[in-house]
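What follows is run33.cif (mmCIF, C-alpha atoms).
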data_input
#
loop_
_atom_site.label_atom_id
_atom_site.label_comp_id
_atom_site.auth_asym_id
_atom_site.auth_seq_id
_atom_site.Cartn_x
_atom_site.Cartn_y
_atom_site.Cartn_z
CA MET A 1 -124.49 88.81 -12.66
CA SER A 2 -121.99 86.14 -13.70
CA LYS A 3 -120.99 83.34 -11.38
CA LEU A 4 -117.47 84.76 -11.08
CA ALA A 5 -118.88 88.16 -10.04
CA ARG A 6 -120.92 86.45 -7.29
CA LEU A 7 -117.94 84.41 -6.07
CA THR A 8 -115.55 87.39 -5.90
CA GLY A 9 -118.21 89.29 -3.95
CA GLU A 10 -118.46 86.41 -1.44
CA ILE A 11 -114.66 86.26 -1.12
CA GLN A 12 -114.44 89.98 -0.33
CA ALA A 13 -117.23 89.61 2.22
CA ALA A 14 -115.38 86.71 3.89
CA LEU A 15 -112.14 88.71 3.96
CA SER A 16 -113.90 91.63 5.64
CA THR A 17 -114.84 89.41 8.63
CA GLY A 18 -111.19 89.12 9.71
CA THR A 19 -109.14 85.92 9.99
CA LEU A 20 -110.34 83.08 7.75
CA SER A 21 -110.37 79.45 8.81
CA ALA A 22 -110.69 76.33 6.69
CA THR A 23 -114.41 75.85 7.19
CA PRO A 24 -116.47 73.72 4.76
CA GLU A 25 -118.02 76.90 3.39
CA ILE A 26 -114.59 78.47 2.70
CA GLU A 27 -113.31 75.21 1.17
CA ASN A 28 -116.30 75.10 -1.18
CA LEU A 29 -115.88 78.81 -2.04
CA ALA A 30 -112.21 78.26 -2.86
CA ARG A 31 -113.00 75.29 -5.06
CA GLU A 32 -115.73 77.10 -7.02
CA TYR A 33 -113.59 80.20 -7.44
CA ALA A 34 -110.66 78.11 -8.76
CA ASP A 35 -113.00 76.37 -11.24
CA GLU A 36 -114.27 79.68 -12.59
CA CYS A 37 -110.72 81.01 -12.88
CA ARG A 38 -109.79 77.93 -14.87
CA LYS A 39 -112.68 78.57 -17.28
CA VAL A 40 -111.45 82.15 -17.78
CA VAL A 41 -107.89 80.98 -18.46
CA ASP A 42 -109.14 78.32 -20.91
CA ARG A 43 -111.14 80.92 -22.86
CA LEU A 44 -108.15 83.26 -22.85
CA ASP A 45 -105.92 80.47 -24.25
CA ARG A 46 -108.40 79.80 -27.06
CA CYS A 47 -108.63 83.50 -27.90
CA ASP A 48 -104.85 83.73 -27.97
CA GLU A 49 -104.69 80.75 -30.32
CA PHE A 50 -107.05 82.53 -32.72
CA LEU A 51 -104.91 85.67 -32.52
CA SER A 52 -101.76 83.69 -33.30
CA ARG A 53 -103.45 82.52 -36.50
CA GLY A 54 -104.46 86.05 -37.46
CA LEU A 55 -108.16 85.39 -36.74
CA ILE A 56 -108.84 88.62 -34.87
CA ALA A 57 -112.59 88.68 -35.56
CA GLU A 58 -113.03 85.09 -34.32
CA SER A 59 -111.00 85.87 -31.19
CA ILE A 60 -113.11 88.93 -30.40
CA MET A 61 -116.33 86.99 -31.00
CA LEU A 62 -115.27 84.29 -28.55
CA ALA A 63 -114.17 86.87 -25.96
CA ARG A 64 -117.51 88.74 -26.20
CA THR A 65 -119.60 85.62 -25.66
CA ALA A 66 -121.38 86.05 -22.29
CA PRO A 67 -119.91 86.51 -19.82
CA ASP A 68 -117.55 88.99 -21.53
CA LEU A 69 -113.98 87.76 -21.10
CA LEU A 70 -112.46 91.19 -20.45
CA ASP A 71 -115.06 91.81 -17.75
CA GLU A 72 -114.18 88.47 -16.18
CA LEU A 73 -110.49 89.31 -16.23
CA THR A 74 -111.27 92.62 -14.53
CA LEU A 75 -113.21 90.78 -11.78
CA LEU A 76 -110.15 88.65 -11.03
CA GLU A 77 -108.28 91.75 -9.87
CA PHE A 78 -110.51 92.31 -6.81
CA PRO A 79 -109.24 94.13 -3.66
CA ARG A 80 -107.14 92.02 -1.24
CA LYS A 81 -106.73 89.25 -3.78
CA ASP A 82 -103.20 88.58 -2.48
CA THR A 83 -104.58 88.07 1.05
CA TRP A 84 -107.08 85.50 -0.23
CA GLU A 85 -104.39 83.52 -2.06
CA GLN A 86 -102.11 83.61 0.99
CA MET A 87 -104.94 82.17 3.16
CA MET A 88 -105.63 79.47 0.55
CA ASP A 89 -101.94 78.53 0.55
CA LEU A 90 -101.75 78.59 4.35
CA HIS A 91 -104.74 76.24 4.77
CA GLN A 92 -103.77 74.15 1.73
CA LEU A 93 -107.06 74.84 -0.03
CA THR A 94 -107.65 74.80 -3.80
CA MET A 95 -105.51 77.47 -5.47
CA PRO A 96 -106.73 79.27 -8.64
CA PRO A 97 -104.57 78.97 -11.79
CA GLU A 98 -102.32 81.87 -12.70
CA VAL A 99 -103.72 84.18 -15.37
CA PRO A 100 -101.27 84.69 -18.29
CA ASN A 101 -101.04 88.49 -18.28
CA LEU A 102 -99.34 88.73 -21.68
CA LYS A 103 -102.24 86.96 -23.33
CA ALA A 104 -104.67 89.30 -21.59
CA VAL A 105 -102.71 92.32 -22.87
CA SER A 106 -102.75 90.89 -26.42
CA LEU A 107 -106.51 90.40 -26.26
CA ASN A 108 -107.06 93.93 -25.01
CA ARG A 109 -104.94 95.29 -27.87
CA ALA A 110 -106.89 93.14 -30.34
CA TYR A 111 -110.11 94.87 -29.23
CA SER A 112 -108.76 98.27 -30.35
CA GLU A 113 -107.30 96.86 -33.57
CA HIS A 114 -110.61 95.15 -34.31
CA HIS A 115 -112.37 98.50 -34.76
CA ILE A 116 -109.79 99.56 -37.36
CA LEU A 117 -109.92 96.14 -38.98
CA CYS A 118 -113.72 96.31 -39.31
CA ASP A 119 -113.51 99.67 -41.10
CA ILE A 120 -110.87 98.41 -43.54
CA LEU A 121 -112.77 95.15 -44.07
CA GLY A 122 -115.83 97.22 -45.01
CA ARG A 123 -113.82 99.08 -47.64
CA TRP A 124 -112.34 95.78 -48.86
CA ARG A 125 -115.80 94.30 -49.39
CA LEU A 126 -117.04 97.39 -51.26
CA LEU A 127 -114.01 97.36 -53.57
CA ASN A 128 -114.52 93.67 -54.32
CA LEU A 129 -118.23 94.13 -54.98
CA GLY A 130 -117.49 96.97 -57.35
CA GLN A 131 -114.67 95.04 -59.04
CA ALA A 132 -112.22 97.88 -58.38
CA PRO A 133 -108.86 97.75 -60.20
CA PRO A 134 -106.21 95.53 -58.56
CA VAL A 135 -104.03 98.52 -57.64
CA ARG A 136 -106.82 99.96 -55.41
CA ARG A 137 -107.71 96.64 -53.84
CA LEU A 138 -104.04 95.86 -53.20
CA SER A 139 -103.61 99.03 -51.16
CA VAL A 140 -106.48 98.05 -48.82
CA LEU A 141 -105.50 94.38 -48.67
CA ARG A 142 -101.95 95.29 -47.63
CA GLN A 143 -103.40 97.26 -44.71
CA LEU A 144 -105.42 94.21 -43.68
CA GLN A 145 -102.38 91.98 -43.99
CA ARG A 146 -100.35 94.31 -41.75
CA LEU A 147 -103.08 94.21 -39.08
CA ALA A 148 -103.48 90.42 -39.33
CA PRO A 149 -100.15 89.09 -40.67
CA ASN A 150 -100.99 85.47 -39.83
CA ASN A 151 -104.33 85.41 -41.63
CA LEU A 152 -103.85 82.84 -44.40
CA ALA A 153 -106.88 84.08 -46.35
CA PHE A 154 -105.36 87.56 -46.63
CA GLN A 155 -102.04 86.09 -47.74
CA ASP A 156 -103.69 84.01 -50.48
CA ASN A 157 -105.73 86.98 -51.72
CA LEU A 158 -102.61 89.14 -51.70
CA GLY A 159 -100.71 86.74 -53.97
CA GLU A 160 -103.61 86.53 -56.45
CA LEU A 161 -104.07 90.30 -56.56
CA GLU A 162 -100.36 90.88 -57.07
CA ASP A 163 -100.44 88.60 -60.12
CA GLN A 164 -103.41 90.55 -61.48
CA ARG A 165 -101.63 93.83 -60.79
CA VAL A 166 -98.52 92.75 -62.72
CA GLU A 167 -100.65 91.86 -65.76
CA GLU A 168 -102.47 95.18 -65.40
CA MET A 169 -99.11 97.00 -65.24
CA LEU A 170 -98.06 95.37 -68.52
CA GLY A 171 -101.18 96.75 -70.24
CA GLU A 172 -100.50 100.20 -68.76
CA ALA A 173 -96.87 100.04 -69.90
CA ARG A 174 -97.82 99.14 -73.48
CA THR A 175 -100.38 101.95 -73.62
CA ALA A 176 -97.93 104.47 -72.13
CA SER A 177 -95.28 103.39 -74.65
CA LEU A 178 -97.62 103.96 -77.61
CA GLU A 179 -98.68 107.35 -76.23
CA GLY A 180 -95.12 108.39 -75.34
CA ASP A 181 -96.05 108.80 -71.68
CA HIS A 182 -92.52 108.54 -70.28
CA LEU A 183 -93.49 109.57 -66.74
CA ALA A 184 -96.09 106.79 -66.47
CA LEU A 185 -93.52 104.22 -67.61
CA ARG A 186 -91.02 105.55 -65.09
CA ASP A 187 -93.60 105.22 -62.29
CA LEU A 188 -94.39 101.64 -63.33
CA ILE A 189 -90.73 100.65 -63.13
CA THR A 190 -90.46 102.31 -59.72
CA GLU A 191 -93.48 100.32 -58.51
CA LEU A 192 -92.04 97.13 -59.98
CA ASP A 193 -88.64 97.62 -58.34
CA LYS A 194 -89.93 98.15 -54.78
CA PRO A 195 -89.62 94.78 -52.95
CA GLU A 196 -92.20 95.80 -50.31
CA ASN A 197 -94.87 95.78 -53.04
CA TRP A 198 -94.61 92.05 -53.60
CA THR A 199 -94.94 88.98 -51.39
CA ASN A 200 -93.63 86.89 -54.31
CA ASP A 201 -91.38 87.96 -57.18
CA PRO A 202 -93.45 89.27 -60.12
CA ASN A 203 -93.69 87.15 -63.26
CA GLU A 204 -90.22 87.33 -64.82
CA ASP A 205 -91.33 87.61 -68.46
CA ILE A 206 -93.89 90.33 -67.74
CA ALA A 207 -91.46 92.26 -65.53
CA ARG A 208 -88.78 92.09 -68.25
CA GLU A 209 -91.14 93.50 -70.90
CA ILE A 210 -92.25 96.35 -68.62
CA ARG A 211 -88.62 97.26 -67.91
CA GLU A 212 -87.67 97.09 -71.60
CA LEU A 213 -90.56 99.39 -72.52
CA GLY A 214 -89.65 101.73 -69.68
CA HIS A 215 -85.94 101.83 -70.44
CA ALA A 216 -86.61 102.45 -74.13
CA SER A 217 -88.88 105.33 -73.15
CA ILE A 218 -86.39 106.68 -70.64
CA GLY A 219 -83.74 106.49 -73.38
CA GLN A 220 -85.90 108.54 -75.73
CA ILE A 221 -86.68 111.26 -73.23
CA GLY A 222 -83.09 111.15 -71.99
CA ARG A 223 -81.83 111.74 -75.55
CA LYS A 224 -84.14 114.74 -75.92
CA GLU A 225 -82.93 116.19 -72.62
CA ALA A 226 -79.32 115.53 -73.61
CA GLN A 227 -79.86 117.33 -76.92
CA VAL A 228 -81.17 120.39 -75.06
CA ILE A 229 -78.03 120.40 -72.89
CA LEU A 230 -75.85 119.93 -76.00
CA ARG A 231 -77.23 123.12 -77.54
CA GLN A 232 -76.58 124.98 -74.28
CA ILE A 233 -72.99 123.67 -74.26
CA LEU A 234 -72.36 124.89 -77.81
CA ASP A 235 -73.80 128.29 -76.94
CA GLY A 236 -71.55 128.53 -73.89
CA PHE A 237 -68.55 127.36 -75.92
CA ASN A 238 -69.07 130.14 -78.44
CA GLN A 239 -69.13 132.63 -75.58
CA LYS A 240 -66.10 130.95 -73.91
CA ALA A 241 -68.09 130.69 -70.67
CA GLU A 242 -65.78 128.20 -68.97
CA SER A 243 -67.64 127.63 -65.68
CA ARG A 244 -71.00 127.31 -67.38
CA VAL A 245 -69.74 124.83 -69.99
CA LEU A 246 -67.95 122.72 -67.36
CA LYS A 247 -71.18 122.42 -65.37
CA LEU A 248 -73.28 121.63 -68.46
CA TRP A 249 -70.74 119.03 -69.63
CA ALA A 250 -71.09 117.17 -66.32
CA GLU A 251 -74.91 117.27 -66.66
CA PHE A 252 -74.66 116.06 -70.27
CA GLN A 253 -72.52 113.05 -69.31
CA GLU A 254 -74.83 112.15 -66.41
CA LYS A 255 -77.91 112.37 -68.64
CA CYS A 256 -76.28 110.20 -71.33
CA ALA A 257 -75.39 107.58 -68.73
CA GLU A 258 -79.00 107.50 -67.47
CA ALA A 259 -80.35 107.18 -71.03
CA GLY A 260 -77.79 104.55 -72.04
CA ILE A 261 -76.24 106.77 -74.75
CA PRO A 262 -72.71 105.45 -75.52
CA PRO A 263 -69.63 107.68 -76.04
CA SER A 264 -69.64 106.60 -79.71
CA ASP A 265 -72.94 108.45 -80.27
CA GLU A 266 -73.11 111.27 -82.81
CA MET A 267 -73.72 113.84 -80.04
CA PHE A 268 -70.27 113.18 -78.58
CA ARG A 269 -68.70 113.67 -82.04
CA VAL A 270 -70.41 117.07 -82.31
CA LEU A 271 -68.85 118.05 -78.99
CA GLN A 272 -65.32 116.87 -79.87
CA LYS A 273 -63.90 120.41 -80.12
CA VAL A 274 -65.63 121.36 -76.88
CA ARG A 275 -64.06 118.34 -75.14
CA ILE A 276 -60.55 119.35 -76.28
CA TRP A 277 -61.18 122.92 -75.14
CA LEU A 278 -62.49 121.73 -71.77
CA ILE A 279 -59.39 119.59 -71.25
CA GLU A 280 -57.26 122.67 -71.89
CA VAL A 281 -59.43 124.70 -69.50
CA GLN A 282 -59.19 122.05 -66.79
CA ASN A 283 -55.41 121.74 -67.26
CA ARG A 284 -55.00 125.48 -67.00
CA ARG A 285 -57.18 125.62 -63.90
CA GLU A 286 -55.21 122.79 -62.35
CA LYS A 287 -51.95 124.63 -63.02
CA ILE A 288 -53.40 127.77 -61.45
CA MET A 289 -54.43 125.78 -58.40
CA GLN A 290 -50.95 124.25 -58.16
CA SER A 291 -49.47 127.73 -58.46
CA GLU A 292 -51.72 129.04 -55.69
CA ARG A 293 -50.76 126.13 -53.44
CA ALA A 294 -47.05 126.71 -54.14
CA GLN A 295 -47.38 130.45 -53.45
CA GLU A 296 -49.24 129.76 -50.23
CA GLN A 297 -46.37 127.51 -49.13
CA ILE A 298 -43.93 130.36 -49.85
CA ARG A 299 -46.07 132.75 -47.77
CA LEU A 300 -46.00 130.32 -44.84
CA VAL A 301 -42.20 130.02 -45.01
CA LEU A 302 -41.80 133.79 -45.24
CA ARG A 303 -43.95 134.24 -42.11
CA ASP A 304 -41.68 131.82 -40.27
CA LYS A 305 -38.82 133.93 -38.89
CA SER A 306 -36.63 130.85 -38.49
CA SER A 307 -36.60 130.12 -42.24
CA THR A 308 -33.15 129.84 -43.77
CA GLU A 309 -31.77 131.26 -46.99
CA SER A 310 -31.41 127.78 -48.49
CA GLU A 311 -35.10 127.04 -47.89
CA LEU A 312 -36.16 130.25 -49.59
CA LEU A 313 -33.81 129.73 -52.54
CA LYS A 314 -35.07 126.17 -52.98
CA LEU A 315 -38.74 127.31 -52.99
CA GLN A 316 -37.95 130.09 -55.45
CA ASP A 317 -36.04 127.75 -57.75
CA ASN A 318 -38.79 125.09 -57.67
CA TYR A 319 -41.49 127.62 -58.46
CA ASN A 320 -39.55 129.13 -61.35
CA ARG A 321 -38.86 125.68 -62.87
CA HIS A 322 -42.43 124.35 -62.51
CA GLU A 323 -45.36 126.67 -61.78
CA GLY A 324 -43.46 129.75 -62.89
CA THR A 325 -43.30 128.53 -66.49
CA THR A 326 -47.07 128.99 -66.90
CA CYS A 327 -48.24 131.04 -63.90
CA PRO A 328 -46.05 133.99 -62.86
CA MET A 329 -45.78 134.55 -59.13
CA ASP A 330 -47.81 137.31 -57.53
CA PRO A 331 -45.60 140.46 -57.88
CA THR A 332 -46.00 141.44 -54.23
CA LEU A 333 -45.03 137.95 -53.07
CA ALA A 334 -42.13 137.78 -55.52
CA GLN A 335 -40.84 141.13 -54.25
CA GLU A 336 -41.13 140.02 -50.62
CA LEU A 337 -39.26 136.81 -51.41
CA ASP A 338 -36.49 138.70 -53.26
CA ILE A 339 -36.12 141.16 -50.35
CA ARG A 340 -35.80 138.35 -47.81
CA ILE A 341 -33.20 136.51 -49.92
CA GLU A 342 -31.32 139.79 -50.55
CA ARG A 343 -31.17 140.39 -46.78
CA PHE A 344 -29.60 137.01 -46.32
CA GLN A 345 -27.12 137.73 -49.11
CA ARG A 346 -26.21 141.20 -47.73
CA ARG A 347 -25.66 139.70 -44.34
CA ASP A 348 -23.41 137.06 -45.86
CA LYS A 349 -21.41 139.73 -47.77
CA SER A 350 -21.06 141.83 -44.61
CA ARG A 351 -19.76 138.78 -42.81
CA GLU A 352 -17.27 138.12 -45.61
CA MET A 353 -16.10 141.77 -45.55
CA LEU A 354 -15.59 141.64 -41.83
CA ILE A 355 -13.61 138.45 -42.14
CA MET A 356 -11.48 139.92 -44.91
CA ALA A 357 -10.88 143.16 -42.94
CA GLY A 358 -9.95 141.19 -39.89
CA ALA A 359 -7.52 139.09 -41.90
CA PHE A 360 -5.99 142.25 -43.45
CA ILE A 361 -5.52 143.86 -40.03
CA ILE A 362 -3.96 140.74 -38.59
CA GLY A 363 -1.64 140.50 -41.60
CA ALA A 364 -0.63 144.14 -41.23
CA LEU A 365 0.10 143.64 -37.53
CA ILE A 366 2.22 140.64 -38.32
CA ILE A 367 4.23 142.67 -40.87
CA VAL A 368 4.67 145.56 -38.42
CA ILE A 369 5.85 143.22 -35.71
CA PHE A 370 8.23 141.54 -38.13
CA LEU A 371 9.69 144.92 -39.18
CA VAL A 372 10.11 146.01 -35.56
CA ILE A 373 12.01 142.85 -34.78
CA ILE A 374 14.28 143.32 -37.79
CA ILE A 375 15.00 146.95 -36.85
CA LYS A 376 15.84 146.00 -33.30
CA ARG A 377 18.26 143.29 -34.45
CA SER A 378 19.96 145.64 -36.85
CA ARG A 379 20.83 148.08 -34.07
#

So, in terms of structure tokens, how does the structure I just supplied come out?
Amino acid sequence: MSKLARLTGEIQAALSTGTLSATPEIENLAREYADECRKVVDRLDRCDEFLSRGLIAESIMLARTAPDLLDELTLLEFPRKDTWEQMMDLHQLTMPPEVPNLKAVSLNRAYSEHHILCDILGRWRLLNLGQAPPVRRLSVLRQLQRLAPNNLAFQDNLGELEDQRVEEMLGEARTASLEGDHLALRDLITELDKPENWTNDPNEDIAREIRELGHASIGQIGRKEAQVILRQILDGFNQKAESRVLKLWAEFQEKCAEAGIPPSDEMFRVLQKVRIWLIEVQNRREKIMQSERAQEQIRLVLRDKSSTESELLKLQDNYNRHEGTTCPMDPTLAQELDIRIERFQRRDKSREMLIMAGAFIIGALIIVIFLVIIIKRSR
């Protein structure tokens, strides 16, 4: 039994007797208890200092030294602890120091992380003993560095291994280039371009050579893929498959951009006639779309019962002068538009006829009245 376990037992026994008084025995118990609490807090501070430096193993070792620090911290949370501290404050006896709970939580978490860390450290040692390639050791070392980010030893090892890995990548890139292994070169560039893979920027000269080898390889495979698409475009052109060729042309341009193939390349010259044809196809499709939009606008105006004759005539005239020159209007829509305009025109003619008839009748009445007056005067 540790001294702290004995003291907390005596405190609980004293509390069970009822009201405490400041007897010499209680004063001595309070003083000893406060001293033991101070030792616990001091050990906890030292463990926390180790943790702040990334020294998890050293912190755990110190905490496990008898008496176990976590056990001691558990003892400090004895029943009616608040009552004891209130009595110490009331009688102005020695008060124990406050335990930093956050540090205790960090230590407890470190215990669980330590088990994981030990497993990974075991793998790290085996890889080093077997002189495993840098890429394998880097993967394990990065796990260690994430668990203990403040461990300077891990940081130093990480920088050295990254340098070795970059040199190893250069050898792999040269071999892949000679063997025409385009996928391997592409993977190496992807690894090189991920910032999370490096604590320091890779050697500039080595990185440049790897990228040059990779881009040259990507250009070669990109040219082959572009040539396959080119043949498909020519086949579609011969069949006048507009939609297919338009899609393939977009893929061809994207592939050339990825491979760094300029528009002055021979492949673009081969496709010159196709390009002209595609421009014509796109222009025609654009005119059809414009025609459809214009016809839809006419449909909307026709559905609106408040539309005027001038609005309909204007839409008809605009369509005939623009879209109508290349895309005739839908016959059904054209007929509906003509009928609506003809209704307006018939109504206007009827109105004119009525006005003319009315004017004729009024004129006739005036003549009759004039003749009646003349006849009357003559008598």

Tell me which protein, DNA and RNA residues are within 10 Å of Asp193 (chain A), counting all atoms listed in the file, leaving out same-chain ones fewer than 4 positions away, and put them as a PyMOL selection string. chain A and resi 187-189+197-198+202+207+211

How many Å lie between CA of Gln220 (chain A) and CA of Asn203 (chain A), rounded to one decimal? 26.0 Å

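Rounded to one decimal, CA of Thr308 (chain A) and CA of Met356 (chain A) lie 23.9 Å from each other.
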
Can you list what the PyMOL selection byres ((chain A and resi 338) around 12) grabs from this structure, as a ChimeraX atom specification? /A:298,302,309,312-313,315-317,329,331-337,339-346

Just-selected residues, C-alpha atoms written as a CSV table (one decimal), in the coordinates of the input:
chain,number,residue,atom,x,y,z
A,298,ILE,CA,-43.9,130.4,-49.8
A,302,LEU,CA,-41.8,133.8,-45.2
A,309,GLU,CA,-31.8,131.3,-47.0
A,312,LEU,CA,-36.2,130.2,-49.6
A,313,LEU,CA,-33.8,129.7,-52.5
A,315,LEU,CA,-38.7,127.3,-53.0
A,316,GLN,CA,-38.0,130.1,-55.4
A,317,ASP,CA,-36.0,127.8,-57.8
A,329,MET,CA,-45.8,134.6,-59.1
A,331,PRO,CA,-45.6,140.5,-57.9
A,332,THR,CA,-46.0,141.4,-54.2
A,333,LEU,CA,-45.0,138.0,-53.1
A,334,ALA,CA,-42.1,137.8,-55.5
A,335,GLN,CA,-40.8,141.1,-54.2
A,336,GLU,CA,-41.1,140.0,-50.6
A,337,LEU,CA,-39.3,136.8,-51.4
A,339,ILE,CA,-36.1,141.2,-50.4
A,340,ARG,CA,-35.8,138.4,-47.8
A,341,ILE,CA,-33.2,136.5,-49.9
A,342,GLU,CA,-31.3,139.8,-50.6
A,343,ARG,CA,-31.2,140.4,-46.8
A,344,PHE,CA,-29.6,137.0,-46.3
A,345,GLN,CA,-27.1,137.7,-49.1
A,346,ARG,CA,-26.2,141.2,-47.7

Met87 (chain A) environment, 8 Å, all atoms listed in the file, sequence neighbours closer than 4 positions dropped, as number ranges by chain: A: 20, 83, 91

Write the residues of the selection above to a file with C-alpha atoms, as a PDB file, in the frame of the given file.
ATOM      1  CA  LEU A  20    -110.340  83.080   7.750  1.00  0.00           C
ATOM      2  CA  THR A  83    -104.580  88.070   1.050  1.00  0.00           C
ATOM      3  CA  HIS A  91    -104.740  76.240   4.770  1.00  0.00           C
TER       4      HIS A  91
END

Exactly which residues make up the result of the PyMOL selection byres ((chain A and resi 73) around 10) on this file, given as a ChimeraX atom specification? /A:4,37,40-41,44,68-72,74-78,99,101,104

Would you put the residues from that selection into a file with C-alpha atoms, as a PDB file, keeping the file's coordinate frame?
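So selection10.pdb came out as:
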ATOM      1  CA  LEU A   4    -117.470  84.760 -11.080  1.00  0.00           C
ATOM      2  CA  CYS A  37    -110.720  81.010 -12.880  1.00  0.00           C
ATOM      3  CA  VAL A  40    -111.450  82.150 -17.780  1.00  0.00           C
ATOM      4  CA  VAL A  41    -107.890  80.980 -18.460  1.00  0.00           C
ATOM      5  CA  LEU A  44    -108.150  83.260 -22.850  1.00  0.00           C
ATOM      6  CA  ASP A  68    -117.550  88.990 -21.530  1.00  0.00           C
ATOM      7  CA  LEU A  69    -113.980  87.760 -21.100  1.00  0.00           C
ATOM      8  CA  LEU A  70    -112.460  91.190 -20.450  1.00  0.00           C
ATOM      9  CA  ASP A  71    -115.060  91.810 -17.750  1.00  0.00           C
ATOM     10  CA  GLU A  72    -114.180  88.470 -16.180  1.00  0.00           C
ATOM     11  CA  THR A  74    -111.270  92.620 -14.530  1.00  0.00           C
ATOM     12  CA  LEU A  75    -113.210  90.780 -11.780  1.00  0.00           C
ATOM     13  CA  LEU A  76    -110.150  88.650 -11.030  1.00  0.00           C
ATOM     14  CA  GLU A  77    -108.280  91.750  -9.870  1.00  0.00           C
ATOM     15  CA  PHE A  78    -110.510  92.310  -6.810  1.00  0.00           C
ATOM     16  CA  VAL A  99    -103.720  84.180 -15.370  1.00  0.00           C
ATOM     17  CA  ASN A 101    -101.040  88.490 -18.280  1.00  0.00           C
ATOM     18  CA  ALA A 104    -104.670  89.300 -21.590  1.00  0.00           C
TER      19      ALA A 104
END

What lies within 12 Å of Asp205 (chain A) using all atoms listed in the file, ignoring chain neighbours under 5 positions off, as number ranges by chain? A: 166-167, 170, 210-212

Can you tell me which residues surround region 279-294 of chain A at a distance of at most 12 Å, considering only C-alpha atoms, apart from same-chain residues fewer than 2 positions away, and format the answer as a PyMOL selection string? chain A and resi 237+240-243+245-246+249+272-277+296-301+315-330+333

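Using the PyMOL selection byres ((chain A and resi 6) around 12) on the file at hand returns these residues: Met1, Ser2, Lys3, Leu4, Ala5, Leu7, Thr8, Gly9, Glu10, Ile11, Gln12, Ala13, Leu29, Glu32, Tyr33, Glu36, Glu72, Leu75, Leu76 and Phe78 of chain A.
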
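Between Asn28 (chain A) and the residues A:Ala153, A:Ala359, A:Val270, A:Leu93, the shortest atom-to-atom distance, using all atoms listed in the file, involves A:Leu93.
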
Of the listed residues A:Glu162, A:Glu25, A:Asp45, A:Glu225, that which approaches Lys255 (chain A) most closely, counting all atoms listed in the file: A:Glu225

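The spacing separating CA of Asp82 (chain A) from CA of Leu15 (chain A) amounts to 11.0 Å.
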
In terms of the shortest atom-to-atom distance over all atoms listed in the file, which of A:Trp84, A:Tyr111, A:Phe252, A:Phe268 is closest to Ile60 (chain A)? A:Tyr111

Please determine an axis-aligned box that encloses all atoms of region 280-285 of chain A listed in the file, with 3 Å added on each side, and express its centre and edge lengths in Å to one decimal as AutoDock Vina command-line options.
--center_x -57.2 --center_y 123.7 --center_z -67.9 --size_x 10.4 --size_y 9.9 --size_z 14.0
